[in-house]
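Participant: For reference, this is data.cif, and it has mmCIF, C-alpha atoms.
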data_coords
#
loop_
_atom_site.label_atom_id
_atom_site.label_comp_id
_atom_site.auth_asym_id
_atom_site.auth_seq_id
_atom_site.Cartn_x
_atom_site.Cartn_y
_atom_site.Cartn_z
CA MET A 185 -31.83 54.33 28.49
CA ARG A 186 -34.60 51.73 28.57
CA LYS A 187 -34.74 51.71 24.76
CA LEU A 188 -30.97 51.29 24.57
CA ILE A 189 -30.99 48.35 26.98
CA LEU A 190 -33.83 46.74 25.07
CA ALA A 191 -31.97 47.16 21.79
CA VAL A 192 -28.86 45.52 23.22
CA MET A 193 -30.89 42.63 24.68
CA ILE A 194 -32.60 41.98 21.33
CA SER A 195 -29.23 42.09 19.61
CA VAL A 196 -27.75 39.51 21.98
CA LEU A 197 -30.71 37.20 21.45
CA LEU A 198 -30.51 37.47 17.67
CA LEU A 199 -26.78 36.94 17.65
CA GLY A 200 -27.30 33.84 19.75
CA PHE A 201 -29.85 32.45 17.31
CA SER A 202 -27.47 33.07 14.41
CA ALA A 203 -24.43 31.44 16.00
CA GLY A 204 -24.84 28.25 13.98
CA VAL A 205 -25.13 29.97 10.60
CA SER A 206 -22.62 28.59 8.09
CA MET A 207 -20.88 30.60 5.41
CA ALA A 208 -18.60 30.74 2.41
CA ASP A 209 -19.14 28.48 -0.56
CA THR A 210 -17.95 31.41 -2.66
CA ILE A 211 -15.09 33.50 -1.37
CA LEU A 212 -14.24 36.97 -2.64
CA PHE A 213 -10.79 38.44 -3.10
CA PRO A 214 -12.02 42.04 -3.37
CA TYR A 215 -8.84 43.60 -4.72
CA ILE A 216 -6.25 42.00 -7.00
CA ASN A 217 -3.67 43.62 -9.23
CA SER A 218 -1.87 42.06 -12.17
CA ASN A 219 1.08 44.21 -13.23
CA PRO A 220 3.86 41.91 -14.46
CA GLY A 221 7.28 43.26 -13.53
CA ASN A 222 5.88 45.68 -10.96
CA LEU A 223 3.13 44.25 -8.75
CA ALA A 224 2.21 40.65 -7.93
CA THR A 225 -0.89 39.36 -6.13
CA ILE A 226 -0.28 36.07 -4.32
CA VAL A 227 -3.65 34.37 -3.79
CA SER A 228 -3.98 31.37 -1.47
CA THR A 229 -7.17 29.30 -1.42
CA ILE A 230 -7.86 26.57 1.16
CA ASN A 231 -10.46 23.88 0.41
CA THR A 232 -11.73 21.66 3.23
CA GLY A 233 -14.63 20.18 1.25
CA ASN A 234 -15.14 17.11 -0.94
CA GLU A 235 -17.79 15.67 -3.22
CA VAL A 236 -19.90 14.54 -0.26
CA SER A 237 -19.84 17.79 1.69
CA GLU A 238 -20.60 19.89 -1.40
CA GLY A 239 -23.50 17.79 -2.68
CA CYS A 240 -21.94 16.35 -5.83
CA VAL A 241 -23.20 13.10 -7.37
CA LEU A 242 -20.89 10.37 -6.08
CA LEU A 243 -18.87 8.49 -8.71
CA ALA A 244 -20.30 10.77 -11.41
CA ASP A 245 -19.00 14.22 -10.36
CA THR A 246 -15.56 15.55 -9.50
CA LEU A 247 -15.15 18.54 -7.21
CA ARG A 248 -13.36 21.49 -8.84
CA LEU A 249 -12.77 25.11 -7.93
CA HIS A 250 -14.31 27.69 -10.24
CA TYR A 251 -12.23 30.89 -10.53
CA ARG A 252 -13.69 34.13 -11.94
CA TYR A 253 -11.56 37.21 -12.62
CA PHE A 254 -13.28 40.60 -13.03
CA THR A 255 -10.66 43.16 -14.09
CA LYS A 256 -10.06 46.35 -16.06
CA PRO A 257 -6.90 48.21 -17.12
CA VAL A 258 -5.01 50.28 -14.58
CA ALA A 259 -4.01 52.86 -17.21
CA GLY A 260 -5.16 53.90 -20.67
CA ALA A 261 -8.52 52.97 -22.19
CA GLY A 262 -10.90 51.51 -19.64
CA SER A 263 -9.05 52.98 -16.68
CA GLU A 264 -11.77 55.23 -15.27
CA PRO A 265 -13.52 54.32 -11.99
CA ILE A 266 -16.88 54.16 -13.79
CA ASP A 267 -15.72 51.77 -16.53
CA ALA A 268 -16.91 48.17 -16.49
CA CYS A 269 -14.77 45.08 -15.92
CA ASP A 270 -14.02 42.19 -18.25
CA GLU A 271 -14.72 38.69 -16.93
CA ARG A 272 -12.59 35.57 -17.44
CA ASP A 273 -13.21 32.23 -15.75
CA PHE A 274 -11.61 28.80 -15.53
CA MET A 275 -11.65 25.68 -13.34
CA ARG A 276 -8.92 23.71 -11.61
CA PRO A 277 -8.87 20.42 -9.69
CA THR A 278 -8.95 20.45 -5.92
CA THR A 279 -8.66 17.84 -3.19
CA LEU A 280 -9.82 17.59 0.42
CA ALA A 281 -7.66 19.80 2.70
CA ASP A 282 -5.84 21.28 -0.31
CA ILE A 283 -4.18 24.68 -0.41
CA VAL A 284 -3.08 26.31 -3.64
CA SER A 285 -1.10 29.55 -3.91
CA PHE A 286 -0.44 31.41 -7.16
CA ASP A 287 0.44 34.84 -8.49
CA VAL A 288 -2.34 36.55 -10.43
CA SER A 289 0.23 38.44 -12.53
CA GLY A 290 2.35 35.37 -13.36
CA GLN A 291 5.47 37.24 -12.24
CA VAL A 292 6.08 34.83 -9.37
CA GLY A 293 6.38 31.17 -10.33
CA GLY A 294 5.21 31.76 -13.88
CA GLY A 295 1.55 31.70 -12.81
CA THR A 296 1.51 28.04 -11.76
CA ALA A 297 0.99 26.66 -8.24
CA LEU A 298 3.71 27.89 -5.88
CA PHE A 299 5.91 26.45 -3.14
CA GLY A 300 6.38 22.91 -4.44
CA ASP A 301 2.65 22.10 -4.51
CA ALA A 302 2.32 18.39 -5.38
CA THR A 303 -1.34 18.51 -6.47
CA ASN A 304 -1.95 18.00 -10.20
CA TYR A 305 -3.77 21.10 -11.47
CA ASN A 306 -3.47 20.17 -15.14
CA TRP A 307 -7.19 20.28 -15.99
CA GLY A 308 -9.24 23.02 -17.62
CA ALA A 309 -8.53 25.85 -20.04
CA GLY A 310 -5.03 27.27 -19.66
CA ALA A 311 -4.00 24.52 -17.20
CA PRO A 312 -1.93 24.26 -15.11
CA ASN A 313 -1.69 28.07 -14.91
CA PHE A 314 -3.83 30.34 -12.71
CA ASP A 315 -2.47 33.74 -13.82
CA LEU A 316 -4.54 36.37 -15.62
CA PRO A 317 -2.15 36.80 -18.59
CA THR A 318 -2.36 33.05 -19.37
CA VAL A 319 -5.98 32.17 -18.58
CA GLY A 320 -7.44 35.57 -19.47
CA GLY A 321 -5.19 36.80 -22.25
CA PHE A 322 -4.55 40.10 -20.44
CA ALA A 323 -0.86 40.98 -20.32
CA ASP A 324 -1.45 44.67 -19.47
CA ALA A 325 -1.59 46.12 -15.97
CA ARG A 326 -5.06 45.44 -14.54
CA ARG A 327 -6.95 45.66 -11.26
CA GLY A 328 -10.12 43.88 -10.21
CA TYR A 329 -11.53 41.17 -7.95
CA LEU A 330 -11.62 37.35 -7.92
CA LEU A 331 -14.42 34.94 -6.98
CA VAL A 332 -13.70 31.29 -6.11
CA THR A 333 -16.54 28.74 -5.84
CA HIS A 334 -16.95 24.98 -5.42
CA HIS A 335 -18.09 23.31 -8.65
CA CYS A 336 -19.36 19.77 -9.30
CA ALA A 337 -18.00 18.79 -12.73
CA GLY A 338 -19.53 15.80 -14.52
CA VAL A 339 -23.26 15.14 -14.61
CA THR A 340 -24.11 18.10 -12.35
CA ASN A 341 -21.90 20.82 -13.88
CA LEU A 342 -23.00 23.46 -11.39
CA ASP A 343 -21.39 25.74 -8.84
CA MET A 344 -22.35 24.44 -5.41
CA HIS A 345 -23.38 26.41 -2.31
CA SER A 346 -23.85 23.87 0.46
CA GLY A 347 -23.19 26.41 3.22
CA ASN A 348 -20.61 24.15 4.86
CA ASN A 349 -17.91 26.83 5.20
CA ASN A 350 -15.32 24.82 3.28
CA LEU A 351 -13.51 27.61 1.41
CA ASP A 352 -11.23 30.30 2.76
CA GLY A 353 -7.99 32.03 1.91
CA ASP A 354 -6.03 35.25 1.76
CA ALA A 355 -4.14 37.48 -0.65
CA MET A 356 -0.85 39.37 -0.50
CA LEU A 357 0.00 42.22 -2.87
CA VAL A 358 3.75 42.54 -3.40
CA ASP A 359 5.71 45.44 -4.89
CA VAL A 360 8.31 43.27 -6.62
CA VAL A 361 10.48 46.29 -7.44
CA ASN A 362 10.77 47.72 -3.92
CA GLY A 363 9.95 44.65 -1.84
CA ALA A 364 7.00 46.15 0.09
CA ALA A 365 3.73 44.25 0.61
CA TRP A 366 0.28 44.25 2.21
CA GLY A 367 -2.47 41.66 2.45
CA TYR A 368 -5.96 40.69 3.60
CA ARG A 369 -8.19 37.69 4.29
CA ALA A 370 -10.74 36.50 1.73
CA VAL A 371 -14.24 37.90 2.22
CA ILE A 372 -17.00 35.45 3.18
CA ALA A 373 -20.77 35.59 3.67
CA ASP A 374 -23.71 33.23 4.18
CA PRO A 375 -24.96 32.12 0.74
CA ALA A 376 -28.38 31.13 2.09
CA LEU A 377 -29.05 34.62 3.44
CA MET A 378 -27.17 36.84 0.97
CA GLY A 379 -27.39 34.81 -2.25
CA PRO A 380 -24.89 32.37 -3.76
CA TYR A 381 -22.34 34.96 -4.98
CA ALA A 382 -23.28 37.85 -2.70
CA PHE A 383 -21.69 39.48 0.34
CA SER A 384 -24.07 42.35 1.04
CA PRO A 385 -27.86 42.43 1.49
CA ILE A 386 -30.41 43.51 -1.09
CA GLY A 387 -32.55 46.61 -0.75
CA ALA A 388 -32.98 49.92 0.98
CA GLY A 389 -32.39 49.87 4.71
CA ALA A 390 -31.24 46.24 4.66
CA THR A 391 -27.84 46.83 6.26
CA PRO A 392 -26.93 45.49 8.72
CA ALA A 393 -28.19 42.00 7.99
CA PHE A 394 -27.33 38.59 9.38
CA GLY A 395 -25.16 36.62 7.00
CA MET A 396 -23.44 39.57 5.29
CA THR A 397 -19.68 40.01 5.46
CA SER A 398 -18.41 42.05 8.39
CA ASP A 399 -15.63 43.42 6.14
CA LEU A 400 -17.83 45.87 4.28
CA LEU A 401 -18.15 49.62 4.53
CA SER A 402 -21.83 50.50 4.42
CA GLU A 403 -23.66 53.51 3.18
CA PRO A 404 -24.76 54.95 6.57
CA ILE A 405 -28.27 53.96 7.59
CA VAL A 406 -30.40 56.69 9.16
CA PRO A 407 -32.23 56.07 11.40
CA VAL A 408 -30.16 53.30 12.90
CA ALA A 409 -31.68 49.84 12.51
CA VAL A 410 -32.71 48.15 15.76
CA PRO A 411 -31.23 46.01 17.29
CA TYR A 412 -27.93 47.46 16.09
CA ALA A 413 -28.48 50.94 17.56
CA GLY A 414 -26.71 50.13 20.79
CA VAL A 415 -23.88 47.91 19.58
CA ASN A 416 -22.92 48.89 16.03
CA ARG A 417 -21.97 52.01 14.14
CA TYR A 418 -23.77 51.66 10.83
CA ALA A 419 -25.15 55.19 11.18
CA ARG A 420 -21.69 56.76 11.24
CA ASN A 421 -19.10 57.44 8.58
CA GLN A 422 -15.75 55.87 9.33
CA ALA A 423 -12.95 58.34 10.13
CA VAL A 424 -9.45 57.61 8.76
CA PRO A 425 -6.09 59.38 9.14
CA ILE A 426 -4.61 60.98 6.05
CA TYR A 427 -0.82 60.99 6.21
CA PRO A 428 1.10 63.95 4.73
CA PRO A 429 1.01 63.73 0.91
CA ASP A 430 4.66 64.89 0.91
CA ASP A 431 5.60 61.55 2.53
CA PHE A 432 2.91 59.13 1.40
CA GLN A 433 0.72 58.55 -1.62
CA THR A 434 -2.77 57.54 -0.48
CA ARG A 435 -5.14 55.54 -2.65
CA PHE A 436 -8.60 54.11 -1.93
CA MET A 437 -9.38 50.67 -3.40
CA VAL A 438 -13.15 50.37 -3.82
CA THR A 439 -15.15 47.26 -4.77
CA PRO A 440 -18.94 47.90 -4.72
CA LEU A 441 -21.23 45.06 -3.63
CA TYR A 442 -24.70 46.13 -4.83
CA ILE A 443 -26.63 47.71 -7.73
CA ASP A 444 -30.37 48.17 -8.04
CA THR A 445 -31.60 48.86 -11.56
CA ALA A 446 -34.21 47.38 -13.85
CA ALA A 447 -31.34 45.64 -15.66
CA SER A 448 -30.19 43.75 -12.56
CA PRO A 449 -32.71 41.39 -10.94
CA THR A 450 -29.93 39.69 -8.92
CA ASN A 451 -28.61 42.99 -7.67
CA ASN A 452 -26.10 41.73 -5.10
CA ASP A 453 -24.73 38.85 -7.22
CA MET A 454 -21.01 39.58 -7.71
CA SER A 455 -20.70 37.10 -10.59
CA THR A 456 -22.83 39.11 -13.03
CA VAL A 457 -21.12 40.06 -16.29
CA PRO A 458 -23.20 42.59 -18.36
CA ASP A 459 -22.03 46.17 -17.92
CA LEU A 460 -25.26 47.47 -16.38
CA THR A 461 -25.43 44.70 -13.76
CA GLN A 462 -21.93 45.26 -12.40
CA LYS A 463 -21.96 46.73 -8.91
CA ARG A 464 -21.73 50.46 -8.29
CA THR A 465 -21.41 53.08 -5.58
CA ARG A 466 -20.14 56.62 -5.14
CA ILE A 467 -17.42 57.62 -2.70
CA ARG A 468 -16.31 60.93 -1.21
CA LEU A 469 -14.47 62.32 1.81
CA ILE A 470 -16.24 64.50 4.36
CA ASP A 471 -14.95 66.77 7.13
CA ARG A 472 -15.84 66.98 10.83
CA ASN A 473 -18.96 68.98 9.98
CA GLY A 474 -20.32 66.45 7.48
CA LEU A 475 -19.37 68.59 4.48
CA GLN A 476 -17.36 67.30 1.54
CA GLY A 477 -13.72 67.87 2.43
CA VAL A 478 -11.17 67.01 5.13
CA THR A 479 -10.23 68.01 8.67
CA ASP A 480 -6.81 69.51 9.38
CA ARG A 481 -4.53 68.87 12.37
CA ASP A 482 -5.89 71.98 14.07
CA GLU A 483 -9.39 70.42 14.22
CA GLN A 484 -10.73 72.66 11.46
CA GLY A 485 -12.92 71.43 8.62
CA VAL A 486 -11.72 72.27 5.10
CA THR A 487 -14.31 71.94 2.34
CA GLY A 488 -13.71 70.84 -1.22
CA GLY A 489 -13.22 67.77 -3.34
CA ASP A 490 -15.08 65.47 -5.72
CA THR A 491 -17.52 62.57 -5.48
CA ILE A 492 -16.34 59.62 -7.58
CA HIS A 493 -18.72 57.14 -9.25
CA VAL A 494 -17.31 53.58 -9.17
CA ARG A 495 -18.33 50.51 -11.14
CA CYS A 496 -16.88 47.01 -10.51
CA VAL A 497 -13.63 48.19 -8.93
CA ALA A 498 -11.46 51.29 -8.75
CA GLY A 499 -8.21 52.60 -7.34
CA ILE A 500 -8.84 56.26 -6.50
CA ASP A 501 -5.96 58.55 -5.60
CA LEU A 502 -6.37 60.97 -2.71
CA ASP A 503 -5.74 63.88 -5.10
CA THR A 504 -8.80 62.78 -7.10
CA LEU A 505 -11.06 62.80 -4.05
CA THR A 506 -9.70 66.14 -2.84
CA ALA A 507 -9.62 67.63 -6.38
CA GLY A 508 -5.93 68.40 -5.96
CA SER A 509 -4.01 69.82 -3.02
CA PHE A 510 -5.47 72.13 -0.38
CA GLY A 511 -2.08 73.85 -0.21
CA ALA A 512 1.43 73.44 1.15
CA TRP A 513 0.10 72.97 4.71
CA TRP A 514 -1.96 69.96 3.59
CA ASP A 515 0.95 68.37 1.72
CA ALA A 516 3.18 68.72 4.78
CA GLN A 517 0.68 67.75 7.48
CA GLY A 518 -2.31 65.82 6.17
CA GLY A 519 -5.17 65.37 8.62
CA TRP A 520 -8.23 63.13 8.70
CA ALA A 521 -11.48 62.55 6.85
CA ALA A 522 -14.54 60.34 7.02
CA VAL A 523 -15.23 58.01 4.10
CA ASP A 524 -18.78 58.38 2.79
CA LEU A 525 -20.65 56.14 0.32
CA LEU A 526 -23.63 57.39 -1.69
CA ASP A 527 -26.20 55.95 -4.09
CA PRO A 528 -24.86 55.71 -7.65
CA LEU A 529 -26.14 57.53 -10.73
CA MET A 530 -27.65 56.25 -13.96
CA ILE A 531 -25.22 55.51 -16.79
CA ASP A 532 -27.67 54.44 -19.49
CA ALA A 533 -31.06 55.98 -18.75
CA PRO A 534 -33.09 54.21 -21.49
CA ASN A 535 -31.95 50.81 -20.31
CA GLU A 536 -31.62 51.36 -16.58
CA ILE A 537 -34.89 53.29 -16.19
CA ALA A 538 -33.96 54.23 -12.62
CA ILE A 539 -31.44 53.64 -9.86
CA GLY A 540 -33.22 52.30 -6.81
CA ALA A 541 -32.45 53.57 -3.34
CA GLY A 542 -30.41 51.08 -1.38
CA ASP A 543 -27.41 50.34 0.79
CA TYR A 544 -24.63 50.69 -1.76
CA ASN A 545 -22.01 48.99 0.36
CA ALA A 546 -18.43 48.32 -0.74
CA ILE A 547 -15.16 46.76 0.31
CA VAL A 548 -12.80 49.71 0.79
CA PHE A 549 -9.07 49.65 1.51
CA LYS A 550 -6.98 52.74 2.26
CA LEU A 551 -3.55 52.09 0.73
CA GLU A 552 -0.52 54.18 1.72
CA PHE A 553 2.86 53.89 0.09
CA GLY A 554 6.02 55.96 -0.08
CA ALA A 555 9.55 56.39 1.25
CA PRO A 556 9.22 58.93 4.11
CA GLY A 557 12.27 60.46 5.70
CA PHE A 558 11.55 58.90 9.11
CA ALA A 559 11.91 55.44 7.51
CA GLY A 560 15.41 56.18 6.22
CA GLY A 561 14.18 56.21 2.64
CA SER A 562 12.87 52.62 2.76
CA MET A 563 9.67 51.91 0.85
CA ILE A 564 6.54 51.49 2.97
CA ASN A 565 3.43 49.87 1.49
CA THR A 566 0.52 49.25 3.84
CA ALA A 567 -3.27 49.07 3.68
CA THR A 568 -6.15 49.41 6.12
CA LEU A 569 -9.58 47.86 5.66
CA ILE A 570 -12.21 50.55 6.27
CA ARG A 571 -15.24 48.81 7.74
CA ASP A 572 -18.35 49.22 9.88
CA GLY A 573 -19.70 46.88 12.52
CA ARG A 574 -16.47 46.85 14.49
CA ILE A 575 -18.38 46.33 17.75
CA TRP A 576 -20.58 43.23 17.96
#
Is it possible to give me this structure as structure tokens?
Facilitator:
Amino acid sequence: MRKLILAVMISVLLLGFSAGVSMADTILFPYINSNPGNLATIVSTINTGNEVSEGCVLLADTLRLHYRYFTKPVAGAGSEPIDACDERDFMRPTTLADIVSFDVSGQVGGGTALFGDATNYNWGAGAPNFDLPTVGGFADARRGYLLVTHHCAGVTNLDMHSGNNNLDGDAMLVDVVNGAAWGYRAVIADPALMGPYAFSPIGAGATPAFGMTSDLLSEPIVPVAVPYAGVNRYARNQAVPIYPPDDFQTRFMVTPLYIDTAASPTNNDMSTVPDLTQKRTRIRLIDRNGLQGVTDRDEQGVTGGDTIHVRCVAGIDLDTLTAGSFGAWWDAQGGWAAVDLLDPLMIDAPNEIAIGAGDYNAIVFKLEFGAPGFAGGSMINTATLIRDGRIW
């Protein structure tokens, strides 16, 4: 008990010292989908900075927003969880206290600024559009993530990370065929502590760390890191309900935040482009006994399933993680499982040399969609962010 009290006291002191830490010069939209005619992603970005707050050279620089798409096809070639993403970037004007909303797919509003936005965004490649088909040349169905950063254009020509917390936003994914939707807030972190385009700490045993996003799911840390032993749950896998597959399709959206190989010196930098520097993790489901599998509604563990290796981003169906159905009982009832992250594997041994041990954290959503009988046949489309650190 004395050790527990001490751990909590240290935690309170450290949290007090960190209360003034600023965050978010780069924001992360960890899951976007561009599927014209089927799925739209409405992104909204709010900028409360200007040239002064972001450190631009007055009268010589103009503040812009730098957008980076990292995406890969949903189906066909390049559709596997382990495949790398393609990167496309562009810049658009911004103004103090500006909000801009746009559809990544271009389905809504043709890919330009939505809702009667009066700001002139007609600057940069592909202007005034923001959509992936126009600025990236990708008209196929794709999934990925989006980074948005302040940029001083002119004599400086650099992305800026002042730490003044002047970017934020959210995203809404809309099934334009059925009218269902779900959404989330943009992910933020402290650039001074995590790195300018990073949201998770570097290195083995580094999670939890001050300045990282609280939206992540961590690879469990054993033993628990003091002072978090008494107040956080980073040593535990996060349990989630699995609704009956007869009624709902379940899919896990996974965006890794870290990779440690000889090819990646900036191993938590989400803006890296080469294939071997893109972030990775592995994901699986485990039952009540800590074995790969699920737990049924009679409190019994059921073993089986696959571990999936993810690079950049992936949408992983429940059937993939369970290696198919466990039987008619599972399809009718579902149950629950804990979501477990593991260190990744080497892809290119001569070039990677080794995969370092580390906290291979990720942003993970559990998406459920379907038209169950209890909803009168109406489409339901909802998502839950699976995260640690829910008690601070």
Participant: Identify which of the residues A:Ser285, A:Val486, A:Arg481, A:Pro265 lies closest to Ile467 of chain A, counting only C-alpha atoms when measuring atom-to-atom distances.
Facilitator: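 Checking each candidate against Ile467 of chain A, we get A:Pro265 as the closest.
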Participant: May I have the residues within 6 Å of segment 230-247 of chain A as a PyMOL selection string, using only C-alpha atoms and disregarding those fewer than 3 positions away in the same chain?
Facilitator: chain A and resi 280-283+335-338+346+350-353
Participant: For this structure, which residues satisfy the selection - the PyMOL selection byres ((chain A and resi 544) around 12) - when it is evaluated on the file as given? I want them as a VMD selection string.
Facilitator: chain A and resid 383 to 392 400 to 405 438 to 444 451 to 452 463 to 467 493 to 495 524 to 529 539 to 543 545 to 547
Participant: For the PyMOL selection byres ((chain A and resi 355-368) around 6), applied here, can you spell out every residue it catches as an MDAnalysis selection string?
Facilitator: chainID A and resid 222:227 354 369 565:566
Participant: Produce a table with one row for each residue of segment 446-465 of chain A that has an atom at most 12 Å from any atom of segment 252-264 of chain A, each row naming the nearest atom pair and its distance in Å at one decimal; use all atoms listed in the file; arrange rows by chain and rising residue number; format as CSV.
Facilitator:
residue,atom,partner,partner_atom,distance
A:Met454,CA,A:Phe254,CA,9.4
A:Ser455,CA,A:Arg252,CA,7.7
A:Thr456,CA,A:Phe254,CA,9.7
A:Val457,CA,A:Phe254,CA,8.5
A:Pro458,CA,A:Phe254,CA,11.4
A:Asp459,CA,A:Phe254,CA,11.5
A:Gln462,CA,A:Phe254,CA,9.8
A:Lys463,CA,A:Phe254,CA,11.4
Participant: Which value, in Å to one decimal, gives the distance between atom CA of Asp301 of chain A and atom CA of Asn348 of chain A?
Facilitator: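 Separation of atom CA of Asp301 of chain A and atom CA of Asn348 of chain A: 25.2 Å.
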Participant: In Å to one decimal, how far is atom CA of Leu551 of chain A from atom CA of Thr568 of chain A?
Facilitator: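 Atom CA of Leu551 of chain A lies at a distance of 6.6 Å from atom CA of Thr568 of chain A.
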Participant: Please tell me which residues are no farther than 8 Å from (-9.2, 45.8, -11.2) in the file, counting only C-alpha atoms, and write them as a list of chain:residue names.
Facilitator: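 Residues lying no farther than 8 Å from the given point: A:Tyr215, A:Ile216, A:Asn217, A:Phe254, A:Thr255, A:Lys256, A:Pro257, A:Val258, A:Cys269, A:Arg326, A:Arg327, A:Gly328, A:Tyr329, A:Cys496, A:Val497, A:Ala498, A:Gly499.
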Participant: Can you write out the residues you just picked, keeping C-alpha atoms, as a PDB file, keeping the file's coordinate frame?
Facilitator:
ATOM      1  CA  TYR A 215      -8.840  43.600  -4.720  1.00  0.00           C
ATOM      2  CA  ILE A 216      -6.250  42.000  -7.000  1.00  0.00           C
ATOM      3  CA  ASN A 217      -3.670  43.620  -9.230  1.00  0.00           C
ATOM      4  CA  PHE A 254     -13.280  40.600 -13.030  1.00  0.00           C
ATOM      5  CA  THR A 255     -10.660  43.160 -14.090  1.00  0.00           C
ATOM      6  CA  LYS A 256     -10.060  46.350 -16.060  1.00  0.00           C
ATOM      7  CA  PRO A 257      -6.900  48.210 -17.120  1.00  0.00           C
ATOM      8  CA  VAL A 258      -5.010  50.280 -14.580  1.00  0.00           C
ATOM      9  CA  CYS A 269     -14.770  45.080 -15.920  1.00  0.00           C
ATOM     10  CA  ARG A 326      -5.060  45.440 -14.540  1.00  0.00           C
ATOM     11  CA  ARG A 327      -6.950  45.660 -11.260  1.00  0.00           C
ATOM     12  CA  GLY A 328     -10.120  43.880 -10.210  1.00  0.00           C
ATOM     13  CA  TYR A 329     -11.530  41.170  -7.950  1.00  0.00           C
ATOM     14  CA  CYS A 496     -16.880  47.010 -10.510  1.00  0.00           C
ATOM     15  CA  VAL A 497     -13.630  48.190  -8.930  1.00  0.00           C
ATOM     16  CA  ALA A 498     -11.460  51.290  -8.750  1.00  0.00           C
ATOM     17  CA  GLY A 499      -8.210  52.600  -7.340  1.00  0.00           C
TER      18      GLY A 499
END
Participant: Could you state which residues are captured by the PyMOL selection byres ((chain A and resi 519) around 6) in this file, as a list of chain:residue names?
Facilitator: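 That selection, the PyMOL selection byres ((chain A and resi 519) around 6), comes back as A:Ile426, A:Thr479, A:Asp480, A:Arg481, A:Gly518, A:Trp520.
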Participant: At what distance in Å, to one decimal, does atom CA of Phe436 of chain A lie from atom CA of Val332 of chain A?
Facilitator: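 So the two atoms, atom CA of Val332 of chain A and atom CA of Phe436 of chain A, lie 23.8 Å apart.
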Participant: Because the input lacks atoms here, generate N, CA, C and O atoms for segment 457-468 of chain A and report them as an mmCIF file, keeping the file's coordinate frame.
Facilitator:
data_model
loop_
_atom_site.group_PDB
_atom_site.id
_atom_site.type_symbol
_atom_site.label_atom_id
_atom_site.label_comp_id
_atom_site.auth_asym_id
_atom_site.auth_seq_id
_atom_site.Cartn_x
_atom_site.Cartn_y
_atom_site.Cartn_z
ATOM 1 N N VAL A 457 -22.075 39.630 -15.280
ATOM 2 C CA VAL A 457 -21.120 40.060 -16.290
ATOM 3 C C VAL A 457 -21.560 41.301 -17.074
ATOM 4 O O VAL A 457 -20.749 42.192 -17.317
ATOM 5 N N PRO A 458 -22.824 41.431 -17.542
ATOM 6 C CA PRO A 458 -23.200 42.590 -18.360
ATOM 7 C C PRO A 458 -22.882 43.915 -17.661
ATOM 8 O O PRO A 458 -22.977 44.027 -16.438
ATOM 9 N N ASP A 459 -22.521 44.901 -18.463
ATOM 10 C CA ASP A 459 -22.030 46.170 -17.920
ATOM 11 C C ASP A 459 -22.998 46.795 -16.910
ATOM 12 O O ASP A 459 -22.585 47.298 -15.867
ATOM 13 N N LEU A 460 -24.298 46.766 -17.220
ATOM 14 C CA LEU A 460 -25.260 47.470 -16.380
ATOM 15 C C LEU A 460 -25.633 46.694 -15.112
ATOM 16 O O LEU A 460 -26.346 47.213 -14.255
ATOM 17 N N THR A 461 -25.166 45.461 -14.987
ATOM 18 C CA THR A 461 -25.430 44.700 -13.760
ATOM 19 C C THR A 461 -24.234 44.699 -12.818
ATOM 20 O O THR A 461 -24.342 44.203 -11.698
ATOM 21 N N GLN A 462 -23.098 45.214 -13.274
ATOM 22 C CA GLN A 462 -21.930 45.260 -12.400
ATOM 23 C C GLN A 462 -22.140 46.286 -11.299
ATOM 24 O O GLN A 462 -22.730 47.335 -11.507
ATOM 25 N N LYS A 463 -21.625 45.963 -10.111
ATOM 26 C CA LYS A 463 -21.960 46.730 -8.910
ATOM 27 C C LYS A 463 -21.419 48.153 -8.980
ATOM 28 O O LYS A 463 -20.400 48.412 -9.595
ATOM 29 N N ARG A 464 -22.120 49.055 -8.275
ATOM 30 C CA ARG A 464 -21.730 50.460 -8.290
ATOM 31 C C ARG A 464 -21.927 51.119 -6.931
ATOM 32 O O ARG A 464 -22.726 50.665 -6.112
ATOM 33 N N THR A 465 -21.212 52.195 -6.724
ATOM 34 C CA THR A 465 -21.410 53.080 -5.580
ATOM 35 C C THR A 465 -20.752 54.406 -5.924
ATOM 36 O O THR A 465 -20.108 54.542 -6.964
ATOM 37 N N ARG A 466 -20.923 55.387 -5.057
ATOM 38 C CA ARG A 466 -20.140 56.620 -5.140
ATOM 39 C C ARG A 466 -19.415 56.826 -3.819
ATOM 40 O O ARG A 466 -19.922 56.454 -2.765
ATOM 41 N N ILE A 467 -18.242 57.428 -3.893
ATOM 42 C CA ILE A 467 -17.420 57.620 -2.700
ATOM 43 C C ILE A 467 -16.931 59.068 -2.644
ATOM 44 O O ILE A 467 -16.650 59.686 -3.675
ATOM 45 N N ARG A 468 -16.851 59.591 -1.433
ATOM 46 C CA ARG A 468 -16.310 60.930 -1.210
ATOM 47 C C ARG A 468 -15.721 60.974 0.194
ATOM 48 O O ARG A 468 -15.930 60.071 1.002
#
